Amino acid sequence: MTTTLLWVSLILLSLAILGALYRLLKGPSIADRIAALDTIGILLLSMIAVLGITTGTRAYFDIILVIGILTFIGTTAMARYIERGVVLESGDDGTNH
Amino acid sequence: MSLEMMEQIIEVVFAILILLGAVIAVISVLGLIRLPDVYLRSHAATKSATLGVLLILLGAFFYTWFVHDFFSIKLLLGILFVFITSPVAGHLNARAAYRSGVALWKGSVRDDFREAIKQERQLEIEEIKNRN
(Lines give C-alpha, C1' and ligand atoms only; values in the text may rest on other atoms or scores of the structure.)
Protein backbone atom coordinates (compact mmCIF):
# COMPACT_ATOMS: atom_id res chain seq x y z
CA MET A 1 0.00 0.00 0.00
CA THR A 2 2.65 2.49 1.07
CA THR A 3 4.96 1.52 -1.77
CA THR A 4 2.14 1.93 -4.29
CA LEU A 5 1.30 5.39 -2.95
CA LEU A 6 4.96 6.43 -3.10
CA TRP A 7 5.35 5.16 -6.66
CA VAL A 8 2.18 6.94 -7.74
CA SER A 9 3.51 10.19 -6.32
CA LEU A 10 6.83 9.61 -8.12
CA ILE A 11 4.96 9.17 -11.41
CA LEU A 12 2.89 12.32 -10.75
CA LEU A 13 6.04 14.29 -10.00
CA SER A 14 7.71 13.14 -13.21
CA LEU A 15 4.60 14.15 -15.17
CA ALA A 16 4.83 17.57 -13.50
CA ILE A 17 8.48 17.86 -14.55
CA LEU A 18 7.45 17.02 -18.12
CA GLY A 19 4.86 19.82 -18.03
CA ALA A 20 7.42 22.31 -16.74
CA LEU A 21 9.79 21.13 -19.49
CA TYR A 22 7.12 22.05 -22.05
CA ARG A 23 6.99 25.59 -20.61
CA LEU A 24 10.80 25.71 -20.60
CA LEU A 25 11.00 24.85 -24.30
CA LYS A 26 8.03 26.91 -25.47
CA GLY A 27 7.90 29.89 -23.07
CA PRO A 28 7.72 33.12 -25.06
CA SER A 29 9.91 35.24 -22.76
CA ILE A 30 13.10 34.47 -20.86
CA ALA A 31 11.30 35.02 -17.55
CA ASP A 32 8.95 32.15 -18.43
CA ARG A 33 11.90 29.87 -18.93
CA ILE A 34 13.45 30.97 -15.64
CA ALA A 35 10.19 30.26 -13.79
CA ALA A 36 10.00 26.86 -15.47
CA LEU A 37 13.61 26.05 -14.51
CA ASP A 38 12.90 27.07 -10.92
CA THR A 39 9.86 24.80 -10.85
CA ILE A 40 11.85 21.92 -12.34
CA GLY A 41 14.53 22.32 -9.68
CA ILE A 42 12.00 22.30 -6.85
CA LEU A 43 10.13 19.30 -8.28
CA LEU A 44 13.42 17.43 -8.73
CA LEU A 45 14.24 18.11 -5.09
CA SER A 46 10.95 16.64 -3.89
CA MET A 47 11.32 13.70 -6.27
CA ILE A 48 14.68 12.90 -4.70
CA ALA A 49 13.10 13.00 -1.24
CA VAL A 50 10.43 10.51 -2.30
CA LEU A 51 13.04 8.34 -4.04
CA GLY A 52 15.11 8.36 -0.85
CA ILE A 53 12.32 7.02 1.32
CA THR A 54 11.20 4.57 -1.37
CA THR A 55 14.61 2.94 -1.53
CA GLY A 56 15.01 3.14 2.23
CA THR A 57 18.29 5.03 2.16
CA ARG A 58 19.07 8.42 3.61
CA ALA A 59 22.18 9.02 1.52
CA TYR A 60 20.17 11.13 -0.92
CA PHE A 61 19.13 13.77 1.59
CA ASP A 62 22.33 15.77 1.02
CA ILE A 63 21.33 16.22 -2.61
CA ILE A 64 18.12 17.97 -1.54
CA LEU A 65 20.04 20.79 0.11
CA VAL A 66 22.48 21.13 -2.79
CA ILE A 67 19.73 21.28 -5.43
CA GLY A 68 17.74 23.76 -3.34
CA ILE A 69 20.69 26.12 -3.03
CA LEU A 70 21.70 25.78 -6.68
CA THR A 71 18.15 26.43 -7.89
CA PHE A 72 17.84 29.58 -5.81
CA ILE A 73 21.22 30.94 -6.86
CA GLY A 74 20.56 30.13 -10.52
CA THR A 75 17.16 31.82 -10.52
CA THR A 76 18.53 34.90 -8.77
CA ALA A 77 21.46 35.21 -11.15
CA MET A 78 19.33 34.81 -14.28
CA ALA A 79 16.69 37.27 -13.00
CA ARG A 80 19.33 39.89 -12.25
CA TYR A 81 20.88 39.28 -15.64
CA ILE A 82 17.66 39.93 -17.58
CA GLU A 83 16.83 42.91 -15.35
CA ARG A 84 20.04 44.89 -15.60
CA GLY A 85 22.33 43.06 -17.99
CA VAL A 86 24.80 42.29 -15.21
CA VAL A 87 24.84 39.59 -12.55
CA LEU A 88 27.12 41.25 -10.02
CA GLU A 89 27.29 45.02 -9.80
CA SER A 90 30.54 46.77 -9.02
CA GLY A 91 28.57 49.55 -7.32
CA ASP A 92 31.09 52.41 -7.46
CA ASP A 93 30.82 53.83 -10.97
CA GLY A 94 27.02 54.17 -11.14
CA THR A 95 26.76 53.19 -14.81
CA ASN A 96 24.47 50.24 -14.26
CA HIS A 97 21.37 52.05 -13.05
CA MET B 1 -5.32 -2.52 18.02
CA SER B 2 -1.87 -4.02 17.83
CA LEU B 3 1.33 -2.03 17.59
CA GLU B 4 2.09 -3.40 14.14
CA MET B 5 -1.19 -2.17 12.78
CA MET B 6 -0.59 1.29 14.26
CA GLU B 7 2.75 1.43 12.50
CA GLN B 8 1.16 0.48 9.21
CA ILE B 9 -1.50 3.16 9.62
CA ILE B 10 1.16 5.80 10.40
CA GLU B 11 3.10 4.75 7.29
CA VAL B 12 0.04 5.07 5.07
CA VAL B 13 -0.86 8.47 6.54
CA PHE B 14 2.55 9.93 5.71
CA ALA B 15 2.49 8.32 2.26
CA ILE B 16 -0.86 10.03 1.68
CA LEU B 17 0.71 13.34 2.77
CA ILE B 18 3.40 12.81 0.11
CA LEU B 19 0.79 11.89 -2.50
CA LEU B 20 -1.16 15.07 -1.66
CA GLY B 21 2.01 17.10 -2.21
CA ALA B 22 2.56 15.44 -5.58
CA VAL B 23 -1.03 16.19 -6.63
CA ILE B 24 -0.60 19.86 -5.66
CA ALA B 25 2.65 19.97 -7.65
CA VAL B 26 0.82 18.61 -10.72
CA ILE B 27 -1.93 21.23 -10.30
CA SER B 28 0.66 24.01 -10.07
CA VAL B 29 2.38 22.80 -13.25
CA LEU B 30 -1.03 22.72 -14.93
CA GLY B 31 -1.23 26.41 -14.05
CA LEU B 32 2.28 26.92 -15.42
CA ILE B 33 1.15 25.45 -18.75
CA ARG B 34 -2.32 26.93 -19.08
CA LEU B 35 -2.19 30.49 -17.70
CA PRO B 36 -1.82 33.30 -20.23
CA ASP B 37 1.12 35.47 -19.13
CA VAL B 38 4.37 35.29 -17.19
CA TYR B 39 3.08 36.98 -14.02
CA LEU B 40 0.07 34.69 -13.66
CA ARG B 41 2.29 31.74 -14.45
CA SER B 42 4.82 32.65 -11.81
CA HIS B 43 1.93 33.06 -9.36
CA ALA B 44 0.93 29.47 -10.09
CA ALA B 45 4.49 28.17 -10.11
CA THR B 46 5.81 29.71 -6.90
CA LYS B 47 2.90 29.50 -4.47
CA SER B 48 1.47 26.09 -5.07
CA ALA B 49 4.77 24.44 -5.98
CA THR B 50 6.14 25.63 -2.63
CA LEU B 51 3.12 24.16 -0.83
CA GLY B 52 3.48 20.86 -2.69
CA VAL B 53 7.18 20.57 -1.95
CA LEU B 54 6.58 21.49 1.69
CA LEU B 55 4.00 18.73 2.03
CA ILE B 56 6.29 16.20 0.33
CA LEU B 57 9.33 17.08 2.41
CA LEU B 58 7.28 17.10 5.64
CA GLY B 59 5.88 13.69 4.71
CA ALA B 60 9.39 12.39 4.00
CA PHE B 61 10.65 13.89 7.28
CA PHE B 62 7.95 12.25 9.40
CA TYR B 63 8.26 9.02 7.43
CA THR B 64 11.98 8.75 8.14
CA TRP B 65 11.32 9.77 11.75
CA PHE B 66 8.59 7.25 12.56
CA VAL B 67 9.30 4.38 10.15
CA HIS B 68 13.08 4.43 9.76
CA ASP B 69 13.52 5.90 13.25
CA PHE B 70 15.86 8.62 12.08
CA PHE B 71 15.49 12.34 12.84
CA SER B 72 16.75 13.98 9.66
CA ILE B 73 18.05 17.50 10.25
CA LYS B 74 18.92 17.77 6.56
CA LEU B 75 15.30 17.42 5.52
CA LEU B 76 14.25 20.05 8.08
CA LEU B 77 16.91 22.41 6.73
CA GLY B 78 15.70 21.69 3.19
CA ILE B 79 12.12 22.55 4.19
CA LEU B 80 13.26 25.80 5.83
CA PHE B 81 15.43 26.74 2.85
CA VAL B 82 12.75 26.09 0.23
CA PHE B 83 10.20 27.93 2.35
CA ILE B 84 12.43 31.01 2.53
CA THR B 85 13.93 31.11 -0.95
CA SER B 86 11.08 30.07 -3.23
CA PRO B 87 8.93 33.23 -2.76
CA VAL B 88 12.02 35.42 -3.00
CA ALA B 89 13.03 33.81 -6.28
CA GLY B 90 9.51 34.14 -7.67
CA HIS B 91 9.34 37.82 -6.73
CA LEU B 92 12.77 38.55 -8.23
CA ASN B 93 11.79 36.79 -11.44
CA ALA B 94 8.50 38.64 -11.81
CA ARG B 95 10.17 42.01 -11.14
CA ALA B 96 12.90 41.26 -13.64
CA ALA B 97 10.25 40.28 -16.18
CA TYR B 98 8.39 43.57 -15.70
CA ARG B 99 11.53 45.68 -15.86
CA SER B 100 12.78 43.91 -18.96
CA GLY B 101 9.51 44.79 -20.65
CA VAL B 102 7.41 41.63 -20.78
CA ALA B 103 3.85 42.71 -21.60
CA LEU B 104 0.90 42.03 -19.31
CA TRP B 105 -1.98 39.84 -20.42
CA LYS B 106 -4.67 41.71 -22.38
CA GLY B 107 -7.28 41.02 -19.70
CA SER B 108 -5.26 42.61 -16.87
CA VAL B 109 -7.21 45.47 -15.31
CA ARG B 110 -4.70 47.23 -13.09
CA ASP B 111 -1.01 48.09 -13.29
CA ASP B 112 0.30 50.09 -10.34
CA PHE B 113 3.95 49.36 -10.95
CA ARG B 114 3.99 51.39 -14.19
CA GLU B 115 3.27 54.61 -12.26
CA ALA B 116 5.99 53.80 -9.74
CA ILE B 117 8.52 53.19 -12.49
CA LYS B 118 7.50 56.43 -14.21
CA GLN B 119 8.06 58.40 -11.01
CA GLU B 120 11.40 56.69 -10.49
CA ARG B 121 12.55 57.61 -14.00
CA GLN B 122 11.41 61.22 -13.48
CA LEU B 123 13.42 61.44 -10.26
CA GLU B 124 16.48 60.03 -12.00
CA ILE B 125 16.19 62.56 -14.83
CA GLU B 126 15.87 65.43 -12.35
CA GLU B 127 18.87 64.18 -10.45
CA ILE B 128 20.97 64.11 -13.61
CA LYS B 129 19.82 67.64 -14.49
CA ASN B 130 20.71 68.91 -11.02
CA ARG B 131 24.12 67.30 -11.26
CA ASN B 132 24.87 69.19 -14.45
# chains A, B, ... in the order shown; residues from 1 in each chain; ligands from 1

$ interface_residues --of "chain A" --to "chain B" --cutoff "9 Å" --atoms "only C-alpha atoms" --output "MDAnalysis selection string"
chainID A and resid 1:3 5:6 8:13 15:17 19:20 22:23 27:32 34:36 38:39 42:43 45:47 49:50 52:53 56 58 61:62 64:65 68:69 72:73 75:76 78:84

$ select_by_dssp --residues "range 4-97 of chain A" --states "helix (DSSP H, G or I)" --output "VMD selection string"
chain A and resid 4 to 26 30 to 55 61 to 84

$ atom_distance --atom1 "CA of Ile63 in chain A" --atom2 "CA of Ile48 in chain A"
7.7 Å

$ closest_residue --among "A:Leu37, A:Leu51, A:Ala77, A:Ile67" --to "Leu25 in chain A" --atoms "only C-alpha atoms"
A:Leu37

$ decode --residues "range 79-95 of chain B" --atoms "all heavy atoms" --output "PDB file, in the first residue's frame"
ATOM      1  N   ILE B  79      13.444  21.943   4.095  1.00  0.00           N
ATOM      2  CA  ILE B  79      12.120  22.554   4.190  1.00  0.00           C
ATOM      3  C   ILE B  79      12.253  24.051   4.449  1.00  0.00           C
ATOM      4  O   ILE B  79      11.656  24.881   3.761  1.00  0.00           O
ATOM      5  CB  ILE B  79      11.306  21.901   5.319  1.00  0.00           C
ATOM      6  CG1 ILE B  79      10.971  20.456   4.981  1.00  0.00           C
ATOM      7  CG2 ILE B  79      10.033  22.666   5.570  1.00  0.00           C
ATOM      8  CD1 ILE B  79      10.373  19.704   6.135  1.00  0.00           C
ATOM      9  N   LEU B  80      13.084  24.388   5.456  1.00  0.00           N
ATOM     10  CA  LEU B  80      13.265  25.796   5.827  1.00  0.00           C
ATOM     11  C   LEU B  80      13.793  26.598   4.633  1.00  0.00           C
ATOM     12  O   LEU B  80      13.292  27.687   4.312  1.00  0.00           O
ATOM     13  CB  LEU B  80      14.244  25.875   6.994  1.00  0.00           C
ATOM     14  CG  LEU B  80      14.331  27.210   7.704  1.00  0.00           C
ATOM     15  CD1 LEU B  80      13.092  27.409   8.530  1.00  0.00           C
ATOM     16  CD2 LEU B  80      15.554  27.264   8.577  1.00  0.00           C
ATOM     17  N   PHE B  81      14.782  26.020   3.952  1.00  0.00           N
ATOM     18  CA  PHE B  81      15.429  26.738   2.853  1.00  0.00           C
ATOM     19  C   PHE B  81      14.459  26.977   1.699  1.00  0.00           C
ATOM     20  O   PHE B  81      14.356  28.093   1.174  1.00  0.00           O
ATOM     21  CB  PHE B  81      16.648  25.950   2.375  1.00  0.00           C
ATOM     22  CG  PHE B  81      17.557  26.746   1.525  1.00  0.00           C
ATOM     23  CD1 PHE B  81      18.417  27.651   2.089  1.00  0.00           C
ATOM     24  CD2 PHE B  81      17.530  26.613   0.154  1.00  0.00           C
ATOM     25  CE1 PHE B  81      19.236  28.405   1.309  1.00  0.00           C
ATOM     26  CE2 PHE B  81      18.349  27.365  -0.628  1.00  0.00           C
ATOM     27  CZ  PHE B  81      19.203  28.261  -0.052  1.00  0.00           C
ATOM     28  N   VAL B  82      13.720  25.931   1.319  1.00  0.00           N
ATOM     29  CA  VAL B  82      12.747  26.094   0.227  1.00  0.00           C
ATOM     30  C   VAL B  82      11.678  27.105   0.624  1.00  0.00           C
ATOM     31  O   VAL B  82      11.277  27.960  -0.178  1.00  0.00           O
ATOM     32  CB  VAL B  82      12.121  24.735  -0.135  1.00  0.00           C
ATOM     33  CG1 VAL B  82      10.951  24.920  -1.061  1.00  0.00           C
ATOM     34  CG2 VAL B  82      13.138  23.851  -0.769  1.00  0.00           C
ATOM     35  N   PHE B  83      11.250  27.029   1.888  1.00  0.00           N
ATOM     36  CA  PHE B  83      10.199  27.926   2.350  1.00  0.00           C
ATOM     37  C   PHE B  83      10.658  29.375   2.299  1.00  0.00           C
ATOM     38  O   PHE B  83       9.874  30.277   2.029  1.00  0.00           O
ATOM     39  CB  PHE B  83       9.815  27.545   3.778  1.00  0.00           C
ATOM     40  CG  PHE B  83       8.532  28.132   4.252  1.00  0.00           C
ATOM     41  CD1 PHE B  83       7.370  27.929   3.535  1.00  0.00           C
ATOM     42  CD2 PHE B  83       8.483  28.876   5.396  1.00  0.00           C
ATOM     43  CE1 PHE B  83       6.180  28.458   3.960  1.00  0.00           C
ATOM     44  CE2 PHE B  83       7.300  29.417   5.835  1.00  0.00           C
ATOM     45  CZ  PHE B  83       6.141  29.205   5.113  1.00  0.00           C
ATOM     46  N   ILE B  84      11.941  29.636   2.567  1.00  0.00           N
ATOM     47  CA  ILE B  84      12.432  31.013   2.533  1.00  0.00           C
ATOM     48  C   ILE B  84      12.720  31.459   1.104  1.00  0.00           C
ATOM     49  O   ILE B  84      12.332  32.552   0.689  1.00  0.00           O
ATOM     50  CB  ILE B  84      13.703  31.157   3.400  1.00  0.00           C
ATOM     51  CG1 ILE B  84      13.343  30.979   4.858  1.00  0.00           C
ATOM     52  CG2 ILE B  84      14.338  32.516   3.207  1.00  0.00           C
ATOM     53  CD1 ILE B  84      14.542  30.953   5.758  1.00  0.00           C
ATOM     54  N   THR B  85      13.398  30.612   0.324  1.00  0.00           N
ATOM     55  CA  THR B  85      13.928  31.105  -0.947  1.00  0.00           C
ATOM     56  C   THR B  85      12.932  31.090  -2.098  1.00  0.00           C
ATOM     57  O   THR B  85      13.063  31.895  -3.011  1.00  0.00           O
ATOM     58  CB  THR B  85      15.140  30.277  -1.379  1.00  0.00           C
ATOM     59  OG1 THR B  85      14.735  28.923  -1.505  1.00  0.00           O
ATOM     60  CG2 THR B  85      16.254  30.409  -0.404  1.00  0.00           C
ATOM     61  N   SER B  86      11.946  30.199  -2.059  1.00  0.00           N
ATOM     62  CA  SER B  86      11.080  30.074  -3.230  1.00  0.00           C
ATOM     63  C   SER B  86      10.261  31.345  -3.509  1.00  0.00           C
ATOM     64  O   SER B  86      10.215  31.802  -4.655  1.00  0.00           O
ATOM     65  CB  SER B  86      10.181  28.854  -3.076  1.00  0.00           C
ATOM     66  OG  SER B  86       9.340  28.728  -4.161  1.00  0.00           O
ATOM     67  N   PRO B  87       9.629  31.971  -2.487  1.00  0.00           N
ATOM     68  CA  PRO B  87       8.926  33.228  -2.758  1.00  0.00           C
ATOM     69  C   PRO B  87       9.864  34.341  -3.199  1.00  0.00           C
ATOM     70  O   PRO B  87       9.505  35.144  -4.079  1.00  0.00           O
ATOM     71  CB  PRO B  87       8.267  33.562  -1.426  1.00  0.00           C
ATOM     72  CG  PRO B  87       8.267  32.328  -0.654  1.00  0.00           C
ATOM     73  CD  PRO B  87       9.437  31.556  -1.089  1.00  0.00           C
ATOM     74  N   VAL B  88      11.062  34.381  -2.621  1.00  0.00           N
ATOM     75  CA  VAL B  88      12.023  35.419  -2.999  1.00  0.00           C
ATOM     76  C   VAL B  88      12.393  35.285  -4.470  1.00  0.00           C
ATOM     77  O   VAL B  88      12.408  36.265  -5.230  1.00  0.00           O
ATOM     78  CB  VAL B  88      13.282  35.336  -2.110  1.00  0.00           C
ATOM     79  CG1 VAL B  88      14.317  36.322  -2.585  1.00  0.00           C
ATOM     80  CG2 VAL B  88      12.933  35.594  -0.690  1.00  0.00           C
ATOM     81  N   ALA B  89      12.656  34.031  -4.888  1.00  0.00           N
ATOM     82  CA  ALA B  89      13.033  33.810  -6.280  1.00  0.00           C
ATOM     83  C   ALA B  89      11.881  34.167  -7.219  1.00  0.00           C
ATOM     84  O   ALA B  89      12.097  34.794  -8.268  1.00  0.00           O
ATOM     85  CB  ALA B  89      13.442  32.349  -6.473  1.00  0.00           C
ATOM     86  N   GLY B  90      10.656  33.807  -6.824  1.00  0.00           N
ATOM     87  CA  GLY B  90       9.511  34.144  -7.665  1.00  0.00           C
ATOM     88  C   GLY B  90       9.328  35.640  -7.814  1.00  0.00           C
ATOM     89  O   GLY B  90       9.091  36.162  -8.906  1.00  0.00           O
ATOM     90  N   HIS B  91       9.475  36.366  -6.689  1.00  0.00           N
ATOM     91  CA  HIS B  91       9.339  37.825  -6.727  1.00  0.00           C
ATOM     92  C   HIS B  91      10.416  38.457  -7.608  1.00  0.00           C
ATOM     93  O   HIS B  91      10.113  39.322  -8.439  1.00  0.00           O
ATOM     94  CB  HIS B  91       9.444  38.352  -5.303  1.00  0.00           C
ATOM     95  CG  HIS B  91       9.434  39.834  -5.213  1.00  0.00           C
ATOM     96  ND1 HIS B  91       8.273  40.551  -5.177  1.00  0.00           N
ATOM     97  CD2 HIS B  91      10.439  40.725  -5.181  1.00  0.00           C
ATOM     98  CE1 HIS B  91       8.575  41.834  -5.122  1.00  0.00           C
ATOM     99  NE2 HIS B  91       9.881  41.968  -5.114  1.00  0.00           N
ATOM    100  N   LEU B  92      11.664  38.013  -7.420  1.00  0.00           N
ATOM    101  CA  LEU B  92      12.773  38.552  -8.231  1.00  0.00           C
ATOM    102  C   LEU B  92      12.508  38.333  -9.713  1.00  0.00           C
ATOM    103  O   LEU B  92      12.704  39.239 -10.544  1.00  0.00           O
ATOM    104  CB  LEU B  92      14.066  37.845  -7.865  1.00  0.00           C
ATOM    105  CG  LEU B  92      14.968  38.484  -6.841  1.00  0.00           C
ATOM    106  CD1 LEU B  92      16.135  37.575  -6.587  1.00  0.00           C
ATOM    107  CD2 LEU B  92      15.464  39.805  -7.377  1.00  0.00           C
ATOM    108  N   ASN B  93      12.021  37.132 -10.039  1.00  0.00           N
ATOM    109  CA  ASN B  93      11.794  36.790 -11.441  1.00  0.00           C
ATOM    110  C   ASN B  93      10.687  37.651 -12.041  1.00  0.00           C
ATOM    111  O   ASN B  93      10.822  38.173 -13.148  1.00  0.00           O
ATOM    112  CB  ASN B  93      11.448  35.307 -11.543  1.00  0.00           C
ATOM    113  CG  ASN B  93      11.391  34.857 -12.951  1.00  0.00           C
ATOM    114  OD1 ASN B  93      12.038  35.432 -13.800  1.00  0.00           O
ATOM    115  ND2 ASN B  93      10.606  33.838 -13.197  1.00  0.00           N
ATOM    116  N   ALA B  94       9.598  37.839 -11.274  1.00  0.00           N
ATOM    117  CA  ALA B  94       8.496  38.644 -11.809  1.00  0.00           C
ATOM    118  C   ALA B  94       8.919  40.095 -11.982  1.00  0.00           C
ATOM    119  O   ALA B  94       8.604  40.744 -12.983  1.00  0.00           O
ATOM    120  CB  ALA B  94       7.289  38.549 -10.876  1.00  0.00           C
ATOM    121  N   ARG B  95       9.697  40.628 -11.018  1.00  0.00           N
ATOM    122  CA  ARG B  95      10.165  42.012 -11.138  1.00  0.00           C
ATOM    123  C   ARG B  95      11.092  42.176 -12.333  1.00  0.00           C
ATOM    124  O   ARG B  95      10.986  43.145 -13.094  1.00  0.00           O
ATOM    125  CB  ARG B  95      10.878  42.422  -9.852  1.00  0.00           C
ATOM    126  CG  ARG B  95      10.870  43.908  -9.640  1.00  0.00           C
ATOM    127  CD  ARG B  95      11.578  44.231  -8.390  1.00  0.00           C
ATOM    128  NE  ARG B  95      13.008  43.934  -8.523  1.00  0.00           N
ATOM    129  CZ  ARG B  95      13.949  44.594  -7.874  1.00  0.00           C
ATOM    130  NH1 ARG B  95      13.606  45.542  -7.058  1.00  0.00           N
ATOM    131  NH2 ARG B  95      15.202  44.285  -8.043  1.00  0.00           N
TER     132      ARG B  95
END
